[in-house]
Structures are given as C-alpha cells and as structure tokens.
>>> print(open('upload-v6.csv').read())   # CSV, C-alpha atoms and all ligand atoms
chain,number,residue,atom,x,y,z
F,1,MET,CA,7.7,12.0,44.2
F,2,TRP,CA,7.0,13.5,47.6
F,3,ALA,CA,9.9,14.6,49.9
F,4,MET,CA,7.5,14.4,52.8
F,5,THR,CA,4.0,13.0,53.1
F,6,PRO,CA,1.6,16.0,53.0
F,7,THR,CA,-0.9,16.0,56.0
F,8,HIS,CA,-3.9,15.4,53.7
F,9,LEU,CA,-2.3,12.2,52.4
F,10,ASN,CA,-1.2,10.8,55.8
F,11,ALA,CA,-3.7,8.1,56.6
F,12,LEU,CA,-2.8,8.2,60.3
F,13,HIS,CA,-3.6,11.9,60.5
F,14,PRO,CA,-7.4,12.1,61.0
F,15,VAL,CA,-9.7,15.0,60.2
F,16,ARG,CA,-12.1,15.7,63.1
F,17,LEU,CA,-15.6,16.9,62.4
F,18,ASP,CA,-18.7,17.8,64.3
F,19,ALA,CA,-21.4,16.4,62.1
F,20,ALA,CA,-24.6,18.1,63.2
F,21,GLY,CA,-23.7,17.2,66.9
F,22,LEU,CA,-22.3,13.7,66.1
F,23,PRO,CA,-18.5,13.7,66.6
F,24,ILE,CA,-16.7,11.7,63.8
F,25,PHE,CA,-13.0,11.5,62.8
F,26,GLY,CA,-11.2,9.7,60.1
F,27,PHE,CA,-9.3,9.7,56.8
F,28,SER,CA,-10.3,9.0,53.3
F,29,ILE,CA,-8.3,9.4,50.1
F,30,SER,CA,-8.9,7.1,47.1
F,31,GLY,CA,-6.4,4.3,46.8
F,32,LEU,CA,-4.6,5.2,50.0
F,33,ALA,CA,-7.1,4.4,52.9
F,34,THR,CA,-10.5,5.0,54.2
F,35,TRP,CA,-11.6,4.8,57.8
F,36,LEU,CA,-14.1,6.8,59.9
F,37,ILE,CA,-14.8,6.4,63.6
F,38,ALA,CA,-18.0,7.6,65.3
F,39,PRO,CA,-16.8,7.2,68.9
F,40,THR,CA,-20.1,7.7,70.6
F,41,LEU,CA,-21.7,4.9,68.5
F,42,GLY,CA,-18.7,2.6,69.0
F,43,VAL,CA,-18.3,1.9,65.3
F,44,CYS,CA,-15.6,2.3,62.6
F,45,PHE,CA,-16.6,2.4,59.0
F,46,ASP,CA,-14.0,0.6,56.8
F,47,MET,CA,-10.5,-0.2,58.0
F,48,GLY,CA,-8.1,0.9,55.2
F,49,GLU,CA,-5.7,2.0,58.0
F,50,CYS,CA,-5.8,1.1,61.7
F,51,PRO,CA,-5.1,4.1,63.9
F,52,LEU,CA,-4.6,3.4,67.6
F,53,GLU,CA,-7.9,5.2,68.3
F,54,ALA,CA,-9.6,2.3,66.5
F,55,LEU,CA,-8.5,-0.2,69.1
F,56,SER,CA,-11.3,0.7,71.5
F,57,ILE,CA,-13.9,0.2,68.7
F,58,ASP,CA,-15.7,-3.2,68.9
F,59,HIS,CA,-17.6,-3.0,65.6
F,60,VAL,CA,-16.1,-2.5,62.2
F,61,LEU,CA,-18.5,-2.1,59.3
F,62,LEU,CA,-16.8,-3.0,56.0
F,63,THR,CA,-18.3,-1.7,52.8
F,64,HIS,CA,-16.2,-3.7,50.3
F,65,ALA,CA,-12.9,-5.6,49.9
F,66,HIS,CA,-10.8,-3.0,48.0
F,67,GLY,CA,-7.5,-2.7,49.9
F,68,ASP,CA,-7.9,1.0,50.7
F,69,HIS,CA,-11.0,0.1,52.7
F,70,ALA,CA,-10.3,-3.3,54.1
F,71,ARG,CA,-6.6,-4.0,54.3
F,72,CYS,CA,-6.2,-3.4,58.1
F,73,VAL,CA,-8.9,-5.7,59.4
F,74,PRO,CA,-6.3,-8.4,60.5
F,75,ARG,CA,-4.2,-5.6,62.0
F,76,HIS,CA,-7.1,-4.3,64.1
F,77,TRP,CA,-7.9,-7.8,65.3
F,78,GLN,CA,-4.2,-8.7,66.1
F,79,LEU,CA,-3.5,-5.4,67.9
F,80,ARG,CA,-6.6,-5.7,70.0
F,81,ARG,CA,-5.5,-9.1,71.1
F,82,MET,CA,-2.0,-7.9,71.7
F,83,ILE,CA,-3.1,-5.2,74.1
F,84,GLY,CA,-5.3,-7.7,75.9
F,85,ASN,CA,-8.6,-6.2,74.9
F,86,PRO,CA,-11.3,-8.4,76.6
F,87,ARG,CA,-14.2,-7.6,74.3
F,88,PRO,CA,-15.1,-9.4,71.1
F,89,SER,CA,-14.1,-7.8,67.8
F,90,ARG,CA,-16.9,-7.9,65.3
F,91,TYR,CA,-16.4,-7.3,61.6
F,92,LEU,CA,-19.6,-6.9,59.6
F,93,MET,CA,-19.3,-7.2,55.8
F,94,PRO,CA,-21.0,-8.3,52.6
F,95,ALA,CA,-21.9,-12.0,53.2
F,96,PRO,CA,-19.7,-13.5,50.3
F,97,LEU,CA,-16.6,-11.9,51.9
F,98,VAL,CA,-16.7,-13.8,55.2
F,99,GLY,CA,-15.0,-16.9,53.8
F,100,PRO,CA,-12.1,-15.0,52.1
F,101,PHE,CA,-11.6,-12.9,55.2
F,102,ALA,CA,-11.4,-16.0,57.4
F,103,ASP,CA,-8.8,-17.5,54.9
F,104,TRP,CA,-6.8,-14.2,55.0
F,105,ILE,CA,-6.6,-14.2,58.8
F,106,ARG,CA,-5.7,-18.0,58.8
F,107,ALA,CA,-3.0,-17.3,56.1
F,108,GLU,CA,-1.4,-14.5,58.2
F,109,ALA,CA,-1.4,-16.7,61.3
F,110,ARG,CA,0.3,-19.6,59.4
F,111,MET,CA,3.0,-17.2,58.0
F,112,GLU,CA,3.6,-16.1,61.6
F,113,GLY,CA,4.1,-19.7,62.7
F,114,VAL,CA,0.7,-20.5,64.3
F,115,GLN,CA,0.2,-24.3,64.2
F,116,GLY,CA,-3.2,-26.0,64.4
F,117,GLU,CA,-6.5,-24.2,64.8
F,118,VAL,CA,-6.4,-20.5,64.2
F,119,SER,CA,-8.8,-18.4,66.3
F,120,LEU,CA,-10.9,-16.1,64.3
F,121,PRO,CA,-12.8,-12.9,65.2
F,122,GLU,CA,-16.5,-12.7,64.7
F,123,LEU,CA,-17.1,-12.2,61.0
F,124,VAL,CA,-20.7,-11.3,60.3
F,125,GLY,CA,-22.0,-11.5,56.7
F,126,LEU,CA,-24.8,-9.2,55.7
F,127,SER,CA,-27.1,-8.9,52.7
F,128,PRO,CA,-28.9,-5.7,51.5
F,129,GLY,CA,-31.9,-5.0,53.7
F,130,GLU,CA,-30.6,-7.0,56.6
F,131,VAL,CA,-30.6,-5.4,60.1
F,132,ALA,CA,-28.0,-6.5,62.7
F,133,PRO,CA,-27.6,-5.6,66.4
F,134,LEU,CA,-24.6,-3.5,67.5
F,135,ARG,CA,-25.0,-2.4,71.1
F,136,ASP,CA,-28.3,-2.9,72.9
F,137,ASP,CA,-29.5,0.5,71.8
F,138,LEU,CA,-28.0,0.4,68.2
F,139,ARG,CA,-28.8,-1.4,65.0
F,140,VAL,CA,-27.2,-1.3,61.6
F,141,THR,CA,-29.1,-1.7,58.4
F,142,ALA,CA,-27.2,-2.8,55.3
F,143,PHE,CA,-28.1,-1.7,51.8
F,144,ALA,CA,-26.7,-2.1,48.3
F,145,ALA,CA,-24.1,0.3,46.9
F,146,SER,CA,-23.1,0.1,43.2
F,147,HIS,CA,-19.3,0.0,42.7
F,148,THR,CA,-16.9,-2.1,40.7
F,149,VAL,CA,-17.1,-4.9,43.3
F,150,LEU,CA,-19.8,-6.1,45.7
F,151,SER,CA,-20.5,-3.3,48.2
F,152,LEU,CA,-22.8,-2.4,51.0
F,153,GLY,CA,-23.7,0.9,52.6
F,154,TYR,CA,-24.7,1.1,56.2
F,155,THR,CA,-27.2,3.1,58.3
F,156,VAL,CA,-26.6,3.0,62.1
F,157,SER,CA,-29.8,3.7,64.0
F,158,GLU,CA,-30.8,4.2,67.5
F,159,ARG,CA,-33.4,1.6,68.6
F,160,ARG,CA,-36.3,3.1,70.5
F,161,LYS,CA,-39.3,1.3,71.9
F,162,LYS,CA,-42.5,3.1,70.7
F,163,LEU,CA,-46.2,2.4,70.9
F,164,LYS,CA,-47.3,0.5,67.8
F,165,ALA,CA,-48.5,2.9,65.1
F,166,ALA,CA,-51.9,1.1,65.1
F,167,LEU,CA,-52.4,1.9,68.8
F,168,GLU,CA,-51.5,5.5,68.7
F,169,GLY,CA,-54.2,7.8,70.1
F,170,MET,CA,-55.9,4.9,72.0
F,171,PRO,CA,-57.1,5.8,75.5
F,172,GLY,CA,-55.0,4.6,78.4
F,173,ASP,CA,-57.7,2.3,79.9
F,174,LYS,CA,-58.1,0.5,76.6
F,175,LEU,CA,-54.3,0.1,76.3
F,176,ALA,CA,-54.2,-1.3,79.8
F,177,ALA,CA,-56.9,-3.8,79.0
F,178,LEU,CA,-55.0,-4.9,75.9
F,179,ARG,CA,-51.8,-5.3,78.0
F,180,ARG,CA,-53.8,-7.5,80.5
F,181,GLN,CA,-54.8,-9.7,77.5
F,182,GLY,CA,-51.2,-10.2,76.7
F,183,VAL,CA,-51.1,-8.0,73.5
F,184,THR,CA,-47.7,-6.5,72.7
F,185,LEU,CA,-48.2,-2.8,72.7
F,186,HIS,CA,-44.7,-1.6,71.7
F,187,GLU,CA,-42.4,-2.1,68.7
F,188,ASP,CA,-38.9,-1.1,67.9
F,189,ARG,CA,-38.4,2.0,65.8
F,190,LEU,CA,-35.1,2.7,64.2
F,191,ILE,CA,-34.0,6.4,64.3
F,192,PRO,CA,-31.2,6.9,61.8
F,193,LYS,CA,-28.0,8.5,63.2
F,194,ILE,CA,-25.5,8.2,60.4
F,195,THR,CA,-25.4,6.6,56.9
F,196,PHE,CA,-22.0,5.7,55.3
F,197,ILE,CA,-21.3,4.6,51.8
F,198,GLY,CA,-17.7,3.5,50.9
F,199,ASP,CA,-17.4,3.9,47.1
F,200,CYS,CA,-20.4,4.2,44.7
F,201,VAL,CA,-21.6,5.5,41.4
F,202,ALA,CA,-24.0,8.5,41.5
F,203,SER,CA,-27.0,6.3,40.7
F,204,THR,CA,-26.8,4.7,44.2
F,205,LEU,CA,-27.7,8.2,45.6
F,206,ARG,CA,-31.0,8.0,43.7
F,207,ASP,CA,-31.7,4.2,44.0
F,208,GLU,CA,-31.2,4.2,47.8
F,209,ALA,CA,-33.4,7.2,48.5
F,210,HIS,CA,-33.7,6.3,52.2
F,211,ILE,CA,-30.1,7.6,52.7
F,212,TRP,CA,-31.5,11.2,52.5
F,213,ARG,CA,-33.4,10.6,55.8
F,214,SER,CA,-30.2,10.2,57.8
F,215,PRO,CA,-29.1,13.3,59.8
F,216,VAL,CA,-25.5,12.6,58.9
F,217,LEU,CA,-24.7,11.2,55.4
F,218,VAL,CA,-21.1,10.3,54.4
F,219,ILE,CA,-20.6,9.7,50.7
F,220,GLU,CA,-17.8,9.9,48.2
F,221,THR,CA,-16.9,12.5,45.6
F,222,THR,CA,-13.7,10.9,44.3
F,223,PHE,CA,-13.5,13.3,41.4
F,224,VAL,CA,-14.0,17.1,41.7
F,225,GLU,CA,-12.1,18.6,38.7
F,226,PRO,CA,-14.5,19.6,35.8
F,227,GLN,CA,-12.4,17.6,33.2
F,228,GLU,CA,-12.6,14.4,35.3
F,229,GLU,CA,-16.4,14.0,35.0
F,230,ALA,CA,-16.2,11.1,32.4
F,231,LEU,CA,-13.8,9.2,34.7
F,232,ALA,CA,-16.2,8.7,37.6
F,233,ALA,CA,-18.9,6.2,36.5
F,234,PRO,CA,-16.6,3.7,34.6
F,235,ARG,CA,-14.4,3.5,37.7
F,236,GLY,CA,-17.3,3.0,40.1
F,237,HIS,CA,-17.1,6.5,41.6
F,238,THR,CA,-19.1,9.8,41.8
F,239,HIS,CA,-18.1,13.1,40.4
F,240,LEU,CA,-18.9,16.3,42.2
F,241,ASN,CA,-21.1,17.5,39.3
F,242,GLU,CA,-23.1,14.3,39.5
F,243,LEU,CA,-23.7,14.9,43.2
F,244,ALA,CA,-24.8,18.5,42.4
F,245,ALA,CA,-27.3,17.1,39.9
F,246,VAL,CA,-28.8,14.7,42.5
F,247,LEU,CA,-29.1,17.5,45.0
F,248,ARG,CA,-30.9,19.7,42.6
F,249,GLU,CA,-33.3,16.9,41.8
F,250,LEU,CA,-34.0,16.3,45.5
F,251,GLY,CA,-34.8,19.9,46.2
F,252,ASP,CA,-34.4,20.3,49.9
F,253,ALA,CA,-34.0,17.1,51.9
F,254,PRO,CA,-34.0,18.7,55.3
F,255,GLU,CA,-33.3,15.6,57.3
F,256,VAL,CA,-29.7,15.6,56.2
F,257,LYS,CA,-28.1,18.0,58.6
F,258,ALA,CA,-24.5,17.2,57.7
F,259,LEU,CA,-23.4,15.9,54.3
F,260,VAL,CA,-19.9,14.7,54.6
F,261,LEU,CA,-17.8,14.3,51.4
F,262,LYS,CA,-14.7,12.1,51.3
F,263,HIS,CA,-12.5,9.7,49.2
F,264,PHE,CA,-10.9,12.4,47.1
F,265,SER,CA,-8.4,11.4,44.5
F,266,MET,CA,-4.7,11.5,45.5
F,267,ARG,CA,-4.2,14.5,43.2
F,268,VAL,CA,-6.6,16.6,45.3
F,269,ASP,CA,-5.5,20.0,46.6
F,270,PRO,CA,-7.7,20.5,49.7
F,271,ALA,CA,-8.1,24.3,49.3
F,272,ARG,CA,-9.1,23.9,45.6
F,273,ALA,CA,-11.4,21.0,46.4
F,274,ARG,CA,-13.2,23.1,49.0
F,275,ALA,CA,-13.6,26.0,46.5
F,276,LEU,CA,-15.0,23.7,43.8
F,277,ILE,CA,-17.4,22.1,46.2
F,278,GLN,CA,-18.7,25.5,47.3
F,279,ALA,CA,-19.0,26.7,43.8
F,280,THR,CA,-20.7,23.6,42.4
F,281,LEU,CA,-23.2,22.4,45.0
F,282,PRO,CA,-26.6,24.2,45.3
F,283,GLU,CA,-26.4,27.2,47.5
F,284,ALA,CA,-29.2,26.0,49.9
F,285,ARG,CA,-27.0,23.1,50.9
F,286,ARG,CA,-23.6,24.7,51.3
F,287,ASP,CA,-23.8,25.3,55.1
F,288,ARG,CA,-24.5,21.6,55.6
F,289,ILE,CA,-21.5,20.3,53.6
F,290,LEU,CA,-18.5,19.0,55.5
F,291,VAL,CA,-15.3,17.9,53.8
F,292,LEU,CA,-13.1,15.1,55.2
F,293,LEU,CA,-9.9,17.0,54.3
F,294,PRO,CA,-7.6,19.1,56.4
F,295,PRO,CA,-7.8,22.9,55.7
F,296,GLU,CA,-4.7,22.9,53.6
F,297,SER,CA,-2.0,20.5,52.3
F,298,ALA,CA,0.8,21.5,54.6
F,299,ALA,CA,3.5,18.8,55.1
G,301,ZN,ZN,-11.9,3.4,47.6
G,302,ZN,ZN,-13.5,0.7,46.0
>>> encode(input="upload-v6.csv", output="structure tokens")
Amino acid sequence: MWAMTPTHLNALHPVRLDAAGLPIFGFSISGLATWLIAPTLGVCFDMGECPLEALSIDHVLLTHAHGDHARCVPRHWQLRRMIGNPRPSRYLMPAPLVGPFADWIRAEARMEGVQGEVSLPELVGLSPGEVAPLRDDLRVTAFAASHTVLSLGYTVSERRKKLKAALEGMPGDKLAALRRQGVTLHEDRLIPKITFIGDCVASTLRDEAHIWRSPVLVIETTFVEPQEEALAAPRGHTHLNELAAVLRELGDAPEVKALVLKHFSMRVDPARARALIQATLPEARRDRILVLLPPESAA
C-alpha cells in the first residue's frame, strides 16, 4: 500500500514539542503505536514502540493493554538488561493487568530457552484514585478513563512540602511552640505537571474534571474528519467535534497551558488535521493547542 513509510507513520520518528516549558517527545497513531517521553520527569507514557531514547527511562506508565500502547513493555525490559542498565525498571498499570503481564514476560523467556525461575521487572498495579511514588520529588495519581478495555489516565505531580492549610497565617512563635509539642506542621502538596490519557471517549473529559487543572494535558482525538463523528464513541475514542463541545462548555480553563492532541487515525493527513483542528476548536484556545504530528507527511 505504501512504497515507503511516511514520516508521520514511522513510530520510531518522534515529534518533539515544548509543552508550556515541559519538553516532551513521542509518537502516537491509532493502531500503530503510542509512546510519549517526558525526559525531565523520567517517565514514558505507554510503550507501543520502544525507541532507544526510552532505555534511560525508569518509569513506564501504561494506560491500557491494547497492543499499540503496550506491546513493547518486554522489549524495554529486555533491552535495558542487555545494555547493563543498573536501575530497576518499573511498569505501572491497571492492577488487573499485572498477572497477564508477568505471564507474558515469562512466556517470552521460555520461548527464548530460559529454564527455571524467570526474573521479572517491577510491575505495579494501580486503581483509580491511587497515588504512587516515582522519584523522591514526583508522584503519579491514577484515574479512570473510559475506553473499550480497562484503562487508567495518569497525572504526574511534583511533591512539595507546604505548611498545613489549617496553620496558614499563624504567627511564627505559635508555630514554633506547636513544633516543640511534636505537632506536624507540614504536609505534601501535589502540583500537577502533566496529565496523560491513552484512549478514551469524550465523556471522560467531563467526568474527570481535575484533568483541566494540569498545565500540560495530553489527550486523544482519533477522528478529525466531519463524517467520522459517529465512529468515535462506539470505538472508545474521541472526535475533534466532541472535544470542541467540551471546550466550549468549560469556557476558559486557564490552568491548561498546553493541550496536546494525539492518536490520530492512520488515514490522517497531518496538514489537513492541523487545519481542521484550527478551524474547529474555540478561538481562545488555539494558541495553546499542540499536535503530536510532524508538519507534513513527507516520506
Ligand atoms: Zn490506541
Ligand atoms: Zn486502545
């Protein structure tokens, strides 16, 4: 069908973006692969392909088990071991997937002739609402995303120690006295850095309203062509027109400084997708929209 793979369909050809000051790069086309690295946070969202750049990443946050999002988890783990990476590899995922992923890694090892016990990476199962540590200064919060299979979205936040809200405004001598009595004065506050959803229907964008408090929000608009609108919800996806409706309802959600759109269908023409996005989304938002596609579809 294609004489050469066009750039925008080459899963090892990442698109690099400055998302409101946060560098991110990755690839996301429906059915082919989705992966997105935030290098300063040390995380990769999904692992539908495993570029060499991912081998320095310790934490992989998997949204769901569809192959285009998850099929390179064993490859990431094996390549990191092959190059002698000394740090643990951690794969965070919806809790019911931990057993099947362990079975998958064991099966691959058996096929490659490993006898006896198969060593496994750290597979961390999460449920909606759960918070897990990444680095000392980072936490990830999982939330439900509605798709055709069990899915989670993730918000990666910076952990900052702050004076407890109830103690704010209290004079210094009183705080010192409380400290002497052994009262804990500080608590952790989570400051969102980026929120990522793999695949979801548009209702998730309303049900999980907290996502609009992230400075960087990465979501899907698998379908952009006007005649494709009826395809989106039955297939567990979002159409550009549905996103436009959500944005109009929200009015201005100023906390989202960069709204990154991804996971376009394989039929997408990058230039046409950009034009449709610009024409469809509310004007006040347009300068904050980033598209995870190369500028054009050159081979
Ligand atoms: Zn997908
Ligand atoms: Zn999917």
>>> residues_around(input="upload-v6.csv", residues="range 217-227 of chain F", least_positions_apart="3", cutoff="9 Å", atoms="only C-alpha atoms", output="number ranges by chain")
F: 29-30, 155, 193-201, 205, 211-214, 230-232, 237-243, 256-265, 268, 273, 276-277
>>> residues_near_ligand(input="upload-v6.csv", ligand="ligand ZN 302 (chain G)", cutoff="9 Å", atoms="only C-alpha atoms and all ligand atoms", output="ChimeraX atom specification")
/F:30-31,63-69,147-149,151,198-200,235-237
>>> closest_residue(input="upload-v6.csv", among="F:Ala176, F:Asp137, F:Ser56, F:Met266", to="ligand ZN 301 (chain G)", atoms="only C-alpha atoms and all ligand atoms")
F:Met266
>>> atom_distance(input="upload-v6.csv", atom1="CA of Glu130 in chain F", atom2="atom ZN of ligand ZN 301 (chain G)")
23.2 Å
>>> atom_distance(input="upload-v6.csv", atom1="CA of Glu158 in chain F", atom2="CA of Pro39 in chain F")
14.4 Å
>>> closest_residue(input="upload-v6.csv", among="F:Val140, F:Leu97, F:Leu62, F:Ala275", to="ligand ZN 301 (chain G)", atoms="all atoms listed in the file")
F:Leu62
>>> residues_around(input="upload-v6.csv", residues="Gly48 in chain F", least_positions_apart="5", cutoff="8 Å", atoms="all atoms listed in the file", output="ChimeraX atom specification")
/F:32-35,67-73
>>> closest_residue(input="upload-v6.csv", among="F:Ala233, F:Ala271, F:Leu123, F:Val216", to="Ser146 in chain F", atoms="only C-alpha atoms")
F:Ala233
>>> residues_near_point(input="upload-v6.csv", point="(-32.7, 17.2, 44.4)", cutoff="12 Å", atoms="all atoms listed in the file", output="mmCIF file with C-alpha atoms, in the frame of the given file")
data_model
loop_
_atom_site.group_PDB
_atom_site.id
_atom_site.type_symbol
_atom_site.label_atom_id
_atom_site.label_comp_id
_atom_site.auth_asym_id
_atom_site.auth_seq_id
_atom_site.Cartn_x
_atom_site.Cartn_y
_atom_site.Cartn_z
ATOM 1 C CA LEU F 205 -27.700 8.200 45.600
ATOM 2 C CA ARG F 206 -31.000 8.000 43.700
ATOM 3 C CA ALA F 209 -33.400 7.200 48.500
ATOM 4 C CA TRP F 212 -31.500 11.200 52.500
ATOM 5 C CA GLU F 242 -23.100 14.300 39.500
ATOM 6 C CA LEU F 243 -23.700 14.900 43.200
ATOM 7 C CA ALA F 244 -24.800 18.500 42.400
ATOM 8 C CA ALA F 245 -27.300 17.100 39.900
ATOM 9 C CA VAL F 246 -28.800 14.700 42.500
ATOM 10 C CA LEU F 247 -29.100 17.500 45.000
ATOM 11 C CA ARG F 248 -30.900 19.700 42.600
ATOM 12 C CA GLU F 249 -33.300 16.900 41.800
ATOM 13 C CA LEU F 250 -34.000 16.300 45.500
ATOM 14 C CA GLY F 251 -34.800 19.900 46.200
ATOM 15 C CA ASP F 252 -34.400 20.300 49.900
ATOM 16 C CA ALA F 253 -34.000 17.100 51.900
ATOM 17 C CA PRO F 254 -34.000 18.700 55.300
ATOM 18 C CA LEU F 281 -23.200 22.400 45.000
ATOM 19 C CA PRO F 282 -26.600 24.200 45.300
ATOM 20 C CA ALA F 284 -29.200 26.000 49.900
ATOM 21 C CA ARG F 285 -27.000 23.100 50.900
#
>>> atom_distance(input="upload-v6.csv", atom1="CA of Leu55 in chain F", atom2="CA of Arg90 in chain F")
12.0 Å
>>> decode(input="upload-v6.csv", residues="range 132-150 of chain F", atoms="C-alpha atoms", output="mmCIF file, in the first residue's frame")
data_model
loop_
_atom_site.group_PDB
_atom_site.id
_atom_site.type_symbol
_atom_site.label_atom_id
_atom_site.label_comp_id
_atom_site.auth_asym_id
_atom_site.auth_seq_id
_atom_site.Cartn_x
_atom_site.Cartn_y
_atom_site.Cartn_z
ATOM 1 C CA ALA F 132 2.292 6.099 43.725
ATOM 2 C CA PRO F 133 5.823 7.420 44.212
ATOM 3 C CA LEU F 134 8.062 7.890 41.188
ATOM 4 C CA ARG F 135 11.196 9.848 42.140
ATOM 5 C CA ASP F 136 11.506 11.386 45.600
ATOM 6 C CA ASP F 137 10.087 14.654 44.233
ATOM 7 C CA LEU F 138 7.424 13.131 41.956
ATOM 8 C CA ARG F 139 4.151 11.305 42.432
ATOM 9 C CA VAL F 140 1.696 9.827 39.953
ATOM 10 C CA THR F 141 -2.058 9.765 40.501
ATOM 11 C CA ALA F 142 -4.128 7.249 38.533
ATOM 12 C CA PHE F 143 -7.692 7.940 37.424
ATOM 13 C CA ALA F 144 -10.333 6.092 35.404
ATOM 14 C CA ALA F 145 -10.524 6.579 31.649
ATOM 15 C CA SER F 146 -13.466 5.143 29.719
ATOM 16 C CA HIS F 147 -12.381 3.081 26.688
ATOM 17 C CA THR F 148 -13.294 -0.339 25.241
ATOM 18 C CA VAL F 149 -10.993 -2.052 27.773
ATOM 19 C CA LEU F 150 -9.933 -1.266 31.340
#
